[in-house]
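Structure file query_35.csv (CSV, N, CA, C and O atoms) follows.
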chain,number,residue,atom,x,y,z
N,1,MET,N,86.6,43.2,111.2
N,1,MET,CA,86.6,44.1,112.3
N,1,MET,C,87.8,45.1,112.2
N,1,MET,O,87.6,46.2,112.5
N,2,VAL,N,88.9,44.6,111.8
N,2,VAL,CA,90.1,45.5,111.6
N,2,VAL,C,89.8,46.5,110.5
N,2,VAL,O,90.1,47.7,110.7
N,3,ASP,N,89.2,46.0,109.5
N,3,ASP,CA,88.8,46.9,108.4
N,3,ASP,C,87.9,48.0,108.8
N,3,ASP,O,88.0,49.2,108.4
N,4,ASP,N,86.9,47.7,109.7
N,4,ASP,CA,86.0,48.7,110.2
N,4,ASP,C,86.7,49.7,111.1
N,4,ASP,O,86.5,50.9,111.0
N,5,ILE,N,87.6,49.2,111.9
N,5,ILE,CA,88.4,50.2,112.8
N,5,ILE,C,89.3,51.1,111.9
N,5,ILE,O,89.3,52.3,112.1
N,6,ILE,N,89.9,50.5,110.9
N,6,ILE,CA,90.8,51.3,110.0
N,6,ILE,C,89.9,52.3,109.3
N,6,ILE,O,90.3,53.5,109.1
N,7,GLY,N,88.8,51.9,108.8
N,7,GLY,CA,87.9,52.8,108.1
N,7,GLY,C,87.4,53.9,109.0
N,7,GLY,O,87.3,55.1,108.5
N,8,THR,N,87.0,53.6,110.2
N,8,THR,CA,86.6,54.6,111.2
N,8,THR,C,87.7,55.6,111.4
N,8,THR,O,87.4,56.8,111.5
N,9,GLN,N,88.9,55.1,111.7
N,9,GLN,CA,90.0,56.0,112.0
N,9,GLN,C,90.4,56.9,110.8
N,9,GLN,O,90.7,58.1,110.9
N,10,ALA,N,90.3,56.3,109.6
N,10,ALA,CA,90.6,57.1,108.4
N,10,ALA,C,89.6,58.2,108.2
N,10,ALA,O,89.9,59.3,107.8
N,11,GLU,N,88.3,57.9,108.5
N,11,GLU,CA,87.2,58.9,108.4
N,11,GLU,C,87.4,60.0,109.4
N,11,GLU,O,87.3,61.2,109.1
N,12,LYS,N,87.8,59.6,110.6
N,12,LYS,CA,88.1,60.6,111.6
N,12,LYS,C,89.3,61.5,111.2
N,12,LYS,O,89.3,62.7,111.4
N,13,LEU,N,90.3,60.9,110.7
N,13,LEU,CA,91.5,61.6,110.2
N,13,LEU,C,91.1,62.6,109.1
N,13,LEU,O,91.5,63.8,109.1
N,14,GLN,N,90.3,62.1,108.2
N,14,GLN,CA,89.8,63.0,107.0
N,14,GLN,C,89.0,64.2,107.6
N,14,GLN,O,89.2,65.3,107.2
N,15,GLN,N,88.1,63.9,108.5
N,15,GLN,CA,87.3,65.0,109.1
N,15,GLN,C,88.2,66.0,109.8
N,15,GLN,O,88.0,67.2,109.7
N,16,GLY,N,89.1,65.5,110.6
N,16,GLY,CA,90.1,66.3,111.3
N,16,GLY,C,90.9,67.2,110.3
N,16,GLY,O,91.1,68.4,110.6
N,17,SER,N,91.3,66.6,109.2
N,17,SER,CA,92.1,67.4,108.2
N,17,SER,C,91.2,68.5,107.6
N,17,SER,O,91.7,69.6,107.4
N,18,GLU,N,90.0,68.1,107.3
N,18,GLU,CA,89.1,69.1,106.7
N,18,GLU,C,88.8,70.3,107.7
N,18,GLU,O,88.9,71.4,107.3
N,19,LEU,N,88.6,69.9,108.9
N,19,LEU,CA,88.4,70.9,110.0
N,19,LEU,C,89.6,71.8,110.1
N,19,LEU,O,89.5,73.1,110.2
N,20,THR,N,90.8,71.2,110.1
N,20,THR,CA,92.0,72.0,110.3
N,20,THR,C,92.2,72.9,109.1
N,20,THR,O,92.5,74.1,109.3
N,21,GLN,N,91.9,72.5,107.9
N,21,GLN,CA,92.0,73.3,106.7
N,21,GLN,C,91.1,74.5,106.8
N,21,GLN,O,91.4,75.6,106.4
N,22,VAL,N,89.9,74.2,107.2
N,22,VAL,CA,88.9,75.3,107.4
N,22,VAL,C,89.4,76.4,108.4
N,22,VAL,O,89.3,77.6,108.1
N,23,ARG,N,89.9,75.9,109.5
N,23,ARG,CA,90.3,76.8,110.6
N,23,ARG,C,91.5,77.6,110.1
N,23,ARG,O,91.7,78.8,110.4
N,24,LEU,N,92.5,76.9,109.4
N,24,LEU,CA,93.6,77.6,108.9
N,24,LEU,C,93.2,78.7,107.9
N,24,LEU,O,93.8,79.8,107.8
N,25,LYS,N,92.3,78.3,107.0
N,25,LYS,CA,91.8,79.3,106.0
N,25,LYS,C,91.1,80.5,106.7
N,25,LYS,O,91.3,81.6,106.3
N,26,GLU,N,90.4,80.2,107.8
N,26,GLU,CA,89.8,81.3,108.5
N,26,GLU,C,90.8,82.3,109.1
N,26,GLU,O,90.6,83.5,109.2
N,27,MET,N,92.0,81.8,109.5
N,27,MET,CA,93.0,82.6,110.1
N,27,MET,C,94.0,83.1,109.0
N,27,MET,O,95.0,83.7,109.3
N,28,ASP,N,93.7,82.8,107.7
N,28,ASP,CA,94.6,83.1,106.6
N,28,ASP,C,96.0,82.6,106.8
N,28,ASP,O,97.0,83.2,106.4
N,29,LEU,N,96.2,81.5,107.5
N,29,LEU,CA,97.5,80.9,107.8
N,29,LEU,C,98.1,80.2,106.6
N,29,LEU,O,99.3,80.2,106.4
N,30,PRO,N,97.3,79.5,105.7
N,30,PRO,CA,98.0,78.9,104.6
N,30,PRO,C,98.8,79.9,103.8
N,30,PRO,O,100.0,79.6,103.4
N,31,ASP,N,98.3,81.1,103.5
N,31,ASP,CA,99.1,82.0,102.7
N,31,ASP,C,100.3,82.5,103.5
N,31,ASP,O,101.3,82.7,103.0
N,32,SER,N,100.1,82.7,104.8
N,32,SER,CA,101.2,83.1,105.7
N,32,SER,C,102.3,82.1,105.7
N,32,SER,O,103.4,82.4,105.7
N,33,ILE,N,101.9,80.8,105.8
N,33,ILE,CA,102.9,79.8,105.9
N,33,ILE,C,103.6,79.7,104.5
N,33,ILE,O,104.8,79.6,104.5
N,34,LEU,N,102.9,79.9,103.4
N,34,LEU,CA,103.6,79.9,102.1
N,34,LEU,C,104.6,81.0,102.0
N,34,LEU,O,105.7,80.9,101.5
N,35,SER,N,104.1,82.2,102.5
N,35,SER,CA,105.0,83.4,102.4
N,35,SER,C,106.2,83.1,103.3
N,35,SER,O,107.4,83.5,102.9
N,36,LEU,N,106.1,82.5,104.4
N,36,LEU,CA,107.2,82.3,105.3
N,36,LEU,C,108.1,81.3,104.7
N,36,LEU,O,109.4,81.4,104.7
N,37,GLU,N,107.6,80.2,104.0
N,37,GLU,CA,108.4,79.2,103.4
N,37,GLU,C,109.2,79.9,102.2
N,37,GLU,O,110.4,79.6,102.0
N,38,GLU,N,108.6,80.8,101.5
N,38,GLU,CA,109.2,81.5,100.4
N,38,GLU,C,110.4,82.4,101.0
N,38,GLU,O,111.4,82.5,100.4
N,39,LEU,N,110.1,83.0,102.1
N,39,LEU,CA,111.1,83.8,102.7
N,39,LEU,C,112.3,83.0,103.1
N,39,LEU,O,113.5,83.4,102.8
N,40,TYR,N,112.1,81.9,103.7
N,40,TYR,CA,113.2,81.0,104.1
N,40,TYR,C,113.9,80.4,102.9
N,40,TYR,O,115.1,80.1,103.0
N,41,ALA,N,113.2,80.2,101.8
N,41,ALA,CA,113.8,79.6,100.7
N,41,ALA,C,114.8,80.6,100.0
N,41,ALA,O,115.7,80.2,99.3
N,42,SER,N,114.6,81.9,100.2
N,42,SER,CA,115.4,82.9,99.6
N,42,SER,C,116.8,82.9,100.3
N,42,SER,O,116.9,83.1,101.5
N,43,ASN,N,117.9,82.9,99.6
N,43,ASN,CA,119.2,82.9,100.2
N,43,ASN,C,119.4,84.3,100.8
N,43,ASN,O,120.1,84.4,101.8
N,44,ARG,N,118.9,85.3,100.2
N,44,ARG,CA,119.1,86.7,100.6
N,44,ARG,C,118.6,86.8,102.1
N,44,ARG,O,119.2,87.4,102.9
N,45,SER,N,117.4,86.3,102.3
N,45,SER,CA,116.8,86.4,103.7
N,45,SER,C,117.6,85.6,104.7
N,45,SER,O,117.8,86.1,105.8
N,46,LYS,N,118.2,84.5,104.3
N,46,LYS,CA,119.1,83.8,105.2
N,46,LYS,C,120.3,84.6,105.5
N,46,LYS,O,120.8,84.6,106.7
N,47,GLU,N,120.9,85.3,104.5
N,47,GLU,CA,122.0,86.1,104.7
N,47,GLU,C,121.7,87.3,105.7
N,47,GLU,O,122.4,87.7,106.6
N,48,ASP,N,120.5,87.9,105.5
N,48,ASP,CA,120.0,88.9,106.3
N,48,ASP,C,119.9,88.5,107.8
N,48,ASP,O,120.3,89.2,108.7
N,49,VAL,N,119.3,87.3,108.0
N,49,VAL,CA,119.1,86.8,109.3
N,49,VAL,C,120.5,86.6,110.0
N,49,VAL,O,120.7,86.9,111.1
N,50,GLU,N,121.4,86.0,109.2
N,50,GLU,CA,122.7,85.7,109.8
N,50,GLU,C,123.4,87.1,110.1
N,50,GLU,O,124.1,87.2,111.2
N,51,ALA,N,123.3,88.1,109.3
N,51,ALA,CA,123.9,89.4,109.6
N,51,ALA,C,123.3,90.0,110.8
N,51,ALA,O,124.1,90.6,111.6
N,52,VAL,N,122.0,89.9,111.0
N,52,VAL,CA,121.4,90.4,112.2
N,52,VAL,C,121.9,89.6,113.4
N,52,VAL,O,122.2,90.2,114.5
N,53,GLN,N,122.0,88.3,113.3
N,53,GLN,CA,122.5,87.5,114.5
N,53,GLN,C,123.9,87.9,114.8
N,53,GLN,O,124.3,88.0,116.0
N,54,ILE,N,124.8,88.1,113.8
N,54,ILE,CA,126.2,88.4,114.0
N,54,ILE,C,126.3,89.8,114.6
N,54,ILE,O,127.1,90.0,115.5
N,55,SER,N,125.4,90.7,114.2
N,55,SER,CA,125.5,92.1,114.7
N,55,SER,C,124.9,92.3,116.1
N,55,SER,O,124.9,93.4,116.6
N,56,GLY,N,124.4,91.3,116.7
N,56,GLY,CA,123.8,91.4,118.1
N,56,GLY,C,122.4,91.0,118.2
N,56,GLY,O,121.8,91.2,119.3
N,57,GLY,N,121.8,90.6,117.2
N,57,GLY,CA,120.4,90.1,117.2
N,57,GLY,C,119.4,91.2,117.5
N,57,GLY,O,119.5,92.3,117.0
N,58,ALA,N,118.3,90.8,118.2
N,58,ALA,CA,117.2,91.7,118.4
N,58,ALA,C,117.6,93.0,119.2
N,58,ALA,O,117.1,94.1,118.9
N,59,ALA,N,118.5,92.9,120.1
N,59,ALA,CA,119.0,94.0,120.9
N,59,ALA,C,119.6,95.1,119.9
N,59,ALA,O,119.3,96.3,120.1
N,60,SER,N,120.4,94.6,119.0
N,60,SER,CA,121.0,95.5,118.0
N,60,SER,C,120.0,96.2,117.2
N,60,SER,O,120.1,97.4,116.9
N,61,LEU,N,119.0,95.4,116.8
N,61,LEU,CA,117.9,96.0,115.9
N,61,LEU,C,117.1,97.1,116.7
N,61,LEU,O,116.7,98.1,116.2
N,62,LYS,N,116.9,96.8,118.0
N,62,LYS,CA,116.2,97.8,118.9
N,62,LYS,C,117.0,99.1,118.9
N,62,LYS,O,116.4,100.2,118.9
N,63,VAL,N,118.3,99.0,119.1
N,63,VAL,CA,119.2,100.2,119.1
N,63,VAL,C,119.1,101.0,117.8
N,63,VAL,O,118.9,102.2,117.8
N,64,GLU,N,119.2,100.2,116.7
N,64,GLU,CA,119.1,100.9,115.4
N,64,GLU,C,117.7,101.5,115.2
N,64,GLU,O,117.6,102.6,114.6
N,65,LEU,N,116.7,100.9,115.6
N,65,LEU,CA,115.3,101.4,115.5
N,65,LEU,C,115.2,102.7,116.3
N,65,LEU,O,114.7,103.7,115.8
N,66,GLN,N,115.8,102.8,117.5
N,66,GLN,CA,115.7,104.0,118.3
N,66,GLN,C,116.5,105.1,117.7
N,66,GLN,O,116.1,106.2,117.6
N,67,GLN,N,117.7,104.8,117.0
N,67,GLN,CA,118.4,105.8,116.3
N,67,GLN,C,117.6,106.3,115.2
N,67,GLN,O,117.6,107.5,114.9
N,68,LEU,N,116.9,105.5,114.4
N,68,LEU,CA,116.1,105.9,113.3
N,68,LEU,C,115.0,106.8,113.8
N,68,LEU,O,114.7,107.8,113.2
N,69,MET,N,114.4,106.5,114.9
N,69,MET,CA,113.3,107.3,115.5
N,69,MET,C,113.8,108.7,115.9
N,69,MET,O,113.2,109.7,115.7
N,70,ASP,N,115.1,108.7,116.5
N,70,ASP,CA,115.7,110.0,116.9
N,70,ASP,C,116.0,110.8,115.6
N,70,ASP,O,115.7,112.0,115.6
N,71,LEU,N,116.5,110.2,114.6
N,71,LEU,CA,116.8,110.9,113.4
N,71,LEU,C,115.5,111.4,112.7
N,71,LEU,O,115.5,112.5,112.2
N,72,ARG,N,114.5,110.6,112.8
N,72,ARG,CA,113.2,111.1,112.2
N,72,ARG,C,112.7,112.3,113.0
N,72,ARG,O,112.2,113.3,112.3
N,73,ARG,N,112.8,112.3,114.3
N,73,ARG,CA,112.4,113.4,115.1
N,73,ARG,C,113.2,114.7,114.7
N,73,ARG,O,112.6,115.8,114.5
N,74,VAL,N,114.5,114.5,114.6
N,74,VAL,CA,115.3,115.7,114.2
N,74,VAL,C,115.0,116.2,112.8
N,74,VAL,O,114.9,117.4,112.6
N,75,ASN,N,114.7,115.3,111.9
N,75,ASN,CA,114.3,115.7,110.5
N,75,ASN,C,113.0,116.4,110.5
N,75,ASN,O,112.8,117.3,109.8
N,76,GLN,N,112.1,115.9,111.3
N,76,GLN,CA,110.8,116.6,111.4
N,76,GLN,C,110.9,118.0,111.9
N,76,GLN,O,110.3,118.9,111.4
N,77,GLU,N,111.8,118.2,112.9
N,77,GLU,CA,112.1,119.5,113.5
N,77,GLU,C,112.7,120.4,112.4
N,77,GLU,O,112.3,121.6,112.3
N,78,LEU,N,113.6,119.9,111.7
N,78,LEU,CA,114.3,120.6,110.6
N,78,LEU,C,113.3,121.0,109.5
N,78,LEU,O,113.3,122.1,109.0
N,79,LEU,N,112.4,120.1,109.2
N,79,LEU,CA,111.3,120.4,108.2
N,79,LEU,C,110.4,121.5,108.6
N,79,LEU,O,110.1,122.4,107.9
N,80,VAL,N,110.0,121.5,109.9
N,80,VAL,CA,109.2,122.6,110.4
N,80,VAL,C,109.9,123.9,110.4
N,80,VAL,O,109.4,124.9,110.0
N,81,GLN,N,111.2,123.9,110.8
N,81,GLN,CA,112.0,125.1,110.8
N,81,GLN,C,112.1,125.7,109.3
N,81,GLN,O,112.0,126.9,109.1
N,82,THR,N,112.4,124.8,108.4
N,82,THR,CA,112.6,125.2,107.0
N,82,THR,C,111.3,125.8,106.5
N,82,THR,O,111.3,126.8,105.8
N,83,LYS,N,110.1,125.1,106.8
N,83,LYS,CA,108.8,125.7,106.3
N,83,LYS,C,108.6,127.0,106.9
N,83,LYS,O,108.1,127.9,106.2
N,84,GLU,N,108.9,127.2,108.2
N,84,GLU,CA,108.8,128.6,108.8
N,84,GLU,C,109.7,129.6,108.1
N,84,GLU,O,109.2,130.7,107.8
N,85,LEU,N,110.9,129.2,107.8
N,85,LEU,CA,111.8,130.2,107.1
N,85,LEU,C,111.3,130.5,105.8
N,85,LEU,O,111.3,131.7,105.4
N,86,LEU,N,110.8,129.5,105.0
N,86,LEU,CA,110.2,129.8,103.7
N,86,LEU,C,109.0,130.7,103.8
N,86,LEU,O,108.8,131.6,103.0
N,87,GLN,N,108.2,130.4,104.8
N,87,GLN,CA,107.0,131.3,105.0
N,87,GLN,C,107.4,132.7,105.3
N,87,GLN,O,106.8,133.6,104.8
N,88,ASN,N,108.3,132.9,106.2
N,88,ASN,CA,108.8,134.2,106.6
N,88,ASN,C,109.4,134.9,105.3
N,88,ASN,O,109.2,136.1,105.1
N,89,GLU,N,110.2,134.2,104.5
N,89,GLU,CA,110.8,134.8,103.3
N,89,GLU,C,109.7,135.2,102.4
N,89,GLU,O,109.8,136.3,101.7
N,90,ALA,N,108.7,134.3,102.2
N,90,ALA,CA,107.6,134.7,101.3
N,90,ALA,C,106.8,135.9,101.8
N,90,ALA,O,106.4,136.8,101.0
N,91,THR,N,106.7,136.0,103.1
N,91,THR,CA,106.0,137.2,103.7
N,91,THR,C,106.8,138.4,103.4
N,91,THR,O,106.3,139.5,103.1
N,92,GLU,N,108.1,138.4,103.6
N,92,GLU,CA,109.0,139.5,103.4
N,92,GLU,C,109.0,139.9,101.9
N,92,GLU,O,109.0,141.1,101.6
N,93,ASP,N,109.0,138.9,101.1
N,93,ASP,CA,109.0,139.2,99.6
N,93,ASP,C,107.7,139.9,99.2
N,93,ASP,O,107.7,140.8,98.3
N,94,ALA,N,106.6,139.5,99.8
N,94,ALA,CA,105.3,140.1,99.5
N,94,ALA,C,105.3,141.5,100.0
N,94,ALA,O,104.8,142.5,99.4
Now, as a test, write the supplied structure out as structure tokens.
Amino acid sequence: MVDDIIGTQAEKLQQGSELTQVRLKEMDLPDSILSLEELYASNRSKEDVEAVQISGGAASLKVELQQLMDLRRVNQELLVQTKELLQNEATEDA
């Protein structure tokens, strides 16, 4: 009787494992989990995480992201102005 119960439970466990593996595969999680494990295994990434935490965490990253977006906008404006100047120069030369 005990053997039957153990066998039934082992079979349920096997079916549950197979179902979980199928669902994880559908969500592409095994590859994601492996990538995450590789990321944490890297000493460089640990140092990066610690540096971010020391510098203020997510709030600090948001400030830096906003600064980058502002700089991008300024650079876009400069690019447009430079293109206009070059076009005007080319027109004058012609």
(request) Work out how far apart atom O of Ala59 (chain N) and atom N of Gln76 (chain N) are and give it in Å to one decimal. (result)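 One can read the atom O of Ala59 (chain N) to atom N of Gln76 (chain N) distance as 22.7 Å.
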(message) One decimal, in Å: what's the spacing between CA of Gly56 (chain N) and CA of Arg72 (chain N)?
(response) 23.1 Å
(request) Calculate how many Å separate CA of Glu77 (chain N) from CA of Glu92 (chain N), rounding to one decimal. (result)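 Answer for the CA of Glu77 (chain N) to CA of Glu92 (chain N) separation: 22.6 Å.
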